[in-house]
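One structure is given below, encoded as structure tokens.
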Amino acid sequence: MGLFENPIADLKLANQLGSQAHRELAREAVRKSMVLMKNGKIANAPLLPLPKKAKKILVAGSHAHNLGFQCGETTILDAIKATVGPNTKIVYSENATSKVVKSKDFSYAIMVVGEQPYAETKGANTNLTIPEPGPQTIKKVCKNIKCVVILISGRPLVIEPYLSYIDALVAAWLPGTEGRGVTDILFYDYGFTGKLSRTWFKTADQLPMNLGDPNYDPLFPLGFGLTTKPVARS
């Protein structure tokens, strides 16, 4: 098979690893894979796109500023800081303390929650729930402030119990190194085009669930995804 004739790796392309072209491609992959599942609590009143020149915004959640959870090098919090206007005040509170939330002078909140990293058996989770304190932080923040929730996970998770609290919901999957890809699309420098590659269930008791099943009753069906167009907006 020729596996061992040349055991030393060819290093001719080593200097291209992590190149700007590679980073731009990774950032594009983030934008195109994100799925917008909800945008507004009522019809014709979308939360997204987020204005870049907001007076004051809250960023919260276990995955907003954690490189390990995001498996990346630019956290979503850092990407937000690089995107919004210079006069926008950003308040970061991982678990969103009651004192912070009750200040009630935020233009909007960006919540980033999800699963912790796992591999193989350590990822076994028969409930497929968002780990605490994610759900409690969602309810605490979104009951008081207009919020977009960004879900970081490698698979669908139970979100229906919190959906009524949430203004906008985005499945960002595992964005990796290019956190700027998330903000590219939140602030509509680019539009949402991503579609669900698998059915998003309501509860884990419904699994397995596949398109065409007699009792197919998903929260979001296979192929779902709201689409938007980029806009020039500050």
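Here's how to read the names in the structure tokens: chain A, B, ... by the order shown, residue numbers from 1 in each chain, ligand numbers from 1 in the order shown.
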Query raised in the report: What lies within 8 Å of A:Ile90 using only C-alpha atoms, ignoring chain neighbours under 4 positions off, as a PyMOL selection string?
Result: chain A and resi 56-59+81
Hey, can you spit out that residue selection with N, CA, C and O atoms as a CSV table (one decimal), in the first residue's frame?
chain,number,residue,atom,x,y,z
A,56,LYS,N,-25.6,50.1,25.2
A,56,LYS,CA,-25.0,49.2,26.2
A,56,LYS,C,-25.6,47.8,26.0
A,56,LYS,O,-26.8,47.6,25.8
A,57,ILE,N,-24.7,46.8,26.0
A,57,ILE,CA,-25.2,45.4,25.8
A,57,ILE,C,-24.6,44.5,26.8
A,57,ILE,O,-23.5,44.7,27.4
A,58,LEU,N,-25.3,43.4,27.1
A,58,LEU,CA,-24.9,42.4,28.0
A,58,LEU,C,-24.5,41.2,27.3
A,58,LEU,O,-25.2,40.7,26.4
A,59,VAL,N,-23.3,40.7,27.6
A,59,VAL,CA,-22.8,39.4,27.1
A,59,VAL,C,-22.7,38.4,28.3
A,59,VAL,O,-22.1,38.7,29.3
A,81,LYS,N,-16.5,42.5,20.8
A,81,LYS,CA,-15.8,43.7,21.1
A,81,LYS,C,-15.2,44.3,19.9
A,81,LYS,O,-15.1,45.5,19.7
Query - Residue set, stretch 14-195 of chain A restricted to alpha helix (DSSP H), as a ChimeraX atom specification - result: /A:20-33,67-70,76-83,98-101,134-142,180-186
Just write the chosen residues, C-alpha atoms, as a short mmCIF file (atom, residue, chain, number, x, y, z; two decimals), in the first residue's frame.
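So the final result, stored in selection.cif, reads:
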data_model
loop_
_atom_site.label_atom_id
_atom_site.label_comp_id
_atom_site.auth_asym_id
_atom_site.auth_seq_id
_atom_site.Cartn_x
_atom_site.Cartn_y
_atom_site.Cartn_z
CA GLN A 20 -4.77 34.15 6.50
CA ALA A 21 -6.40 32.35 3.58
CA HIS A 22 -7.07 29.34 5.78
CA ARG A 23 -8.52 31.54 8.53
CA GLU A 24 -10.81 33.31 6.09
CA LEU A 25 -12.06 29.96 4.83
CA ALA A 26 -12.71 28.78 8.40
CA ARG A 27 -14.56 32.03 9.14
CA GLU A 28 -16.70 31.52 6.03
CA ALA A 29 -17.50 27.98 7.19
CA VAL A 30 -18.73 29.35 10.52
CA ARG A 31 -21.03 31.84 8.79
CA LYS A 32 -22.48 29.30 6.37
CA SER A 33 -23.07 26.57 8.97
CA LEU A 67 -11.57 29.09 24.51
CA GLY A 68 -11.79 25.50 25.72
CA PHE A 69 -15.55 25.26 25.31
CA GLN A 70 -15.43 26.95 21.92
CA ILE A 76 -17.26 35.25 20.88
CA LEU A 77 -16.92 37.99 23.50
CA ASP A 78 -13.69 39.17 21.86
CA ALA A 79 -15.38 39.04 18.46
CA ILE A 80 -18.25 41.19 19.77
CA LYS A 81 -15.77 43.74 21.13
CA ALA A 82 -14.10 43.91 17.72
CA THR A 83 -17.42 44.39 15.93
CA SER A 98 -29.33 39.50 39.40
CA LYS A 99 -27.80 42.90 40.09
CA VAL A 100 -26.53 43.14 36.51
CA VAL A 101 -29.76 41.93 34.93
CA GLY A 134 -27.12 27.56 31.04
CA PRO A 135 -30.91 27.13 31.29
CA GLN A 136 -31.20 29.25 34.42
CA THR A 137 -29.08 31.99 32.89
CA ILE A 138 -31.27 31.96 29.77
CA LYS A 139 -34.43 32.41 31.82
CA LYS A 140 -32.90 35.04 34.09
CA VAL A 141 -31.60 37.18 31.24
CA CYS A 142 -34.25 36.68 28.58
CA ARG A 180 -15.53 36.49 14.20
CA GLY A 181 -17.63 34.34 11.90
CA VAL A 182 -20.37 34.39 14.55
CA THR A 183 -20.46 38.17 14.79
CA ASP A 184 -20.22 38.54 11.01
CA ILE A 185 -23.70 37.09 10.82
CA LEU A 186 -25.25 38.34 14.09
#
Query raised in the report: Got a sec to tell me which of stretch 37-168 of chain A DSSP assigns to strand (DSSP E or B), as number ranges by chain?
Result: A: 37-39, 56-60, 89-93, 108-114, 129, 147-152, 158, 168
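Considering only C-alpha atoms, the residue among A:Ala60, A:Ala14, A:Ala204, A:Val148 positioned nearest to A:Pro46 is A:Val148.
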List the neighbours of stretch 111-123 of chain A out to 7 Å using only C-alpha atoms; skip same-chain residues closer than 5 positions along the sequence, and give me the result as an mmCIF file with N, CA, C and O atoms, in the first residue's frame.
data_model
loop_
_atom_site.group_PDB
_atom_site.id
_atom_site.type_symbol
_atom_site.label_atom_id
_atom_site.label_comp_id
_atom_site.auth_asym_id
_atom_site.auth_seq_id
_atom_site.Cartn_x
_atom_site.Cartn_y
_atom_site.Cartn_z
ATOM 1 N N VAL A 59 -23.311 40.652 27.632
ATOM 2 C CA VAL A 59 -22.831 39.381 27.089
ATOM 3 C C VAL A 59 -22.719 38.415 28.255
ATOM 4 O O VAL A 59 -22.087 38.724 29.272
ATOM 5 N N ALA A 60 -23.366 37.253 28.143
ATOM 6 C CA ALA A 60 -23.397 36.312 29.255
ATOM 7 C C ALA A 60 -23.358 34.884 28.735
ATOM 8 O O ALA A 60 -23.485 34.632 27.538
ATOM 9 N N GLY A 61 -23.170 33.950 29.662
ATOM 10 C CA GLY A 61 -23.181 32.537 29.320
ATOM 11 C C GLY A 61 -21.824 31.878 29.444
ATOM 12 O O GLY A 61 -20.785 32.509 29.261
ATOM 13 N N SER A 62 -21.847 30.596 29.748
ATOM 14 C CA SER A 62 -20.621 29.836 29.999
ATOM 15 C C SER A 62 -19.688 29.767 28.800
ATOM 16 O O SER A 62 -18.479 29.592 28.951
ATOM 17 N N HIS A 63 -20.225 29.913 27.580
ATOM 18 C CA HIS A 63 -19.421 29.743 26.373
ATOM 19 C C HIS A 63 -19.058 31.067 25.687
ATOM 20 O O HIS A 63 -18.478 31.055 24.602
ATOM 21 N N ALA A 64 -19.388 32.181 26.310
ATOM 22 C CA ALA A 64 -19.128 33.477 25.672
ATOM 23 C C ALA A 64 -17.648 33.829 25.653
ATOM 24 O O ALA A 64 -17.172 34.474 24.721
ATOM 25 N N PHE A 69 -14.204 25.666 25.711
ATOM 26 C CA PHE A 69 -15.552 25.259 25.314
ATOM 27 C C PHE A 69 -15.788 25.507 23.833
ATOM 28 O O PHE A 69 -16.470 24.752 23.158
ATOM 29 N N ILE A 130 -29.097 21.052 28.003
ATOM 30 C CA ILE A 130 -28.041 22.053 28.149
ATOM 31 C C ILE A 130 -27.569 22.026 29.597
ATOM 32 O O ILE A 130 -28.380 22.141 30.516
ATOM 33 N N PRO A 131 -26.283 21.861 29.839
ATOM 34 C CA PRO A 131 -25.798 21.807 31.225
ATOM 35 C C PRO A 131 -26.096 23.103 31.976
ATOM 36 O O PRO A 131 -26.066 24.194 31.407
ATOM 37 N N GLY A 134 -26.624 26.997 32.288
ATOM 38 C CA GLY A 134 -27.115 27.565 31.041
ATOM 39 C C GLY A 134 -28.607 27.858 31.027
ATOM 40 O O GLY A 134 -29.026 28.990 30.752
ATOM 41 N N CYS A 147 -33.065 39.250 24.012
ATOM 42 C CA CYS A 147 -31.861 38.416 23.970
ATOM 43 C C CYS A 147 -31.806 37.532 22.734
ATOM 44 O O CYS A 147 -32.831 37.066 22.230
ATOM 45 N N VAL A 148 -30.580 37.317 22.270
ATOM 46 C CA VAL A 148 -30.304 36.285 21.280
ATOM 47 C C VAL A 148 -29.480 35.222 21.983
ATOM 48 O O VAL A 148 -28.515 35.531 22.700
ATOM 49 N N VAL A 149 -29.875 33.972 21.840
ATOM 50 C CA VAL A 149 -29.162 32.848 22.438
ATOM 51 C C VAL A 149 -28.398 32.119 21.340
ATOM 52 O O VAL A 149 -28.974 31.700 20.330
ATOM 53 N N ILE A 150 -27.097 31.977 21.548
ATOM 54 C CA ILE A 150 -26.231 31.244 20.631
ATOM 55 C C ILE A 150 -25.898 29.914 21.294
ATOM 56 O O ILE A 150 -25.337 29.885 22.394
ATOM 57 N N LEU A 151 -26.264 28.832 20.646
ATOM 58 C CA LEU A 151 -26.067 27.506 21.220
ATOM 59 C C LEU A 151 -24.841 26.849 20.602
ATOM 60 O O LEU A 151 -24.764 26.659 19.390
ATOM 61 N N ILE A 152 -23.874 26.504 21.472
ATOM 62 C CA ILE A 152 -22.642 25.841 21.045
ATOM 63 C C ILE A 152 -22.762 24.362 21.378
ATOM 64 O O ILE A 152 -22.796 23.976 22.547
ATOM 65 N N SER A 153 -22.850 23.528 20.349
ATOM 66 C CA SER A 153 -22.993 22.089 20.582
ATOM 67 C C SER A 153 -22.695 21.344 19.297
ATOM 68 O O SER A 153 -22.748 21.910 18.209
#
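Atom CA of A:Arg155 to atom CA of A:Asn66 spans 19.2 Å [interatomic distance, one decimal].
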Requested in this report: Name all residues at most 10 Å from A:Leu196 (count only C-alpha atoms; drop same-chain ones fewer than 4 positions away) and give them as a list of chain:residue names.
Outcome: A:Ser33, A:Met34, A:Val35, A:Leu36, A:Met37, A:Pro156, A:Ala171, A:Trp200, A:Phe220, A:Pro221, A:Leu222, A:Gly223, A:Phe224, A:Gly225
Requested in this report: Name the closest residue to A:Leu128 among the candidates A:Thr177, A:Asn87, A:Val158, A:Phe106; distances are taken between atoms, counting only C-alpha atoms.
Outcome: A:Val158
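Atom CA of A:Asp167 lies 9.5 Å from atom CA of A:Ala45.
Pairwise distance (atom CA of A:Glu160, atom CA of A:Val91) equals 27.5 Å.
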Query - Shell of 12 Å around A:Met209, only C-alpha atoms, local chain residues under 2 positions omitted, as a VMD selection string - result: chain A and resid 156 198 to 207 211 to 222
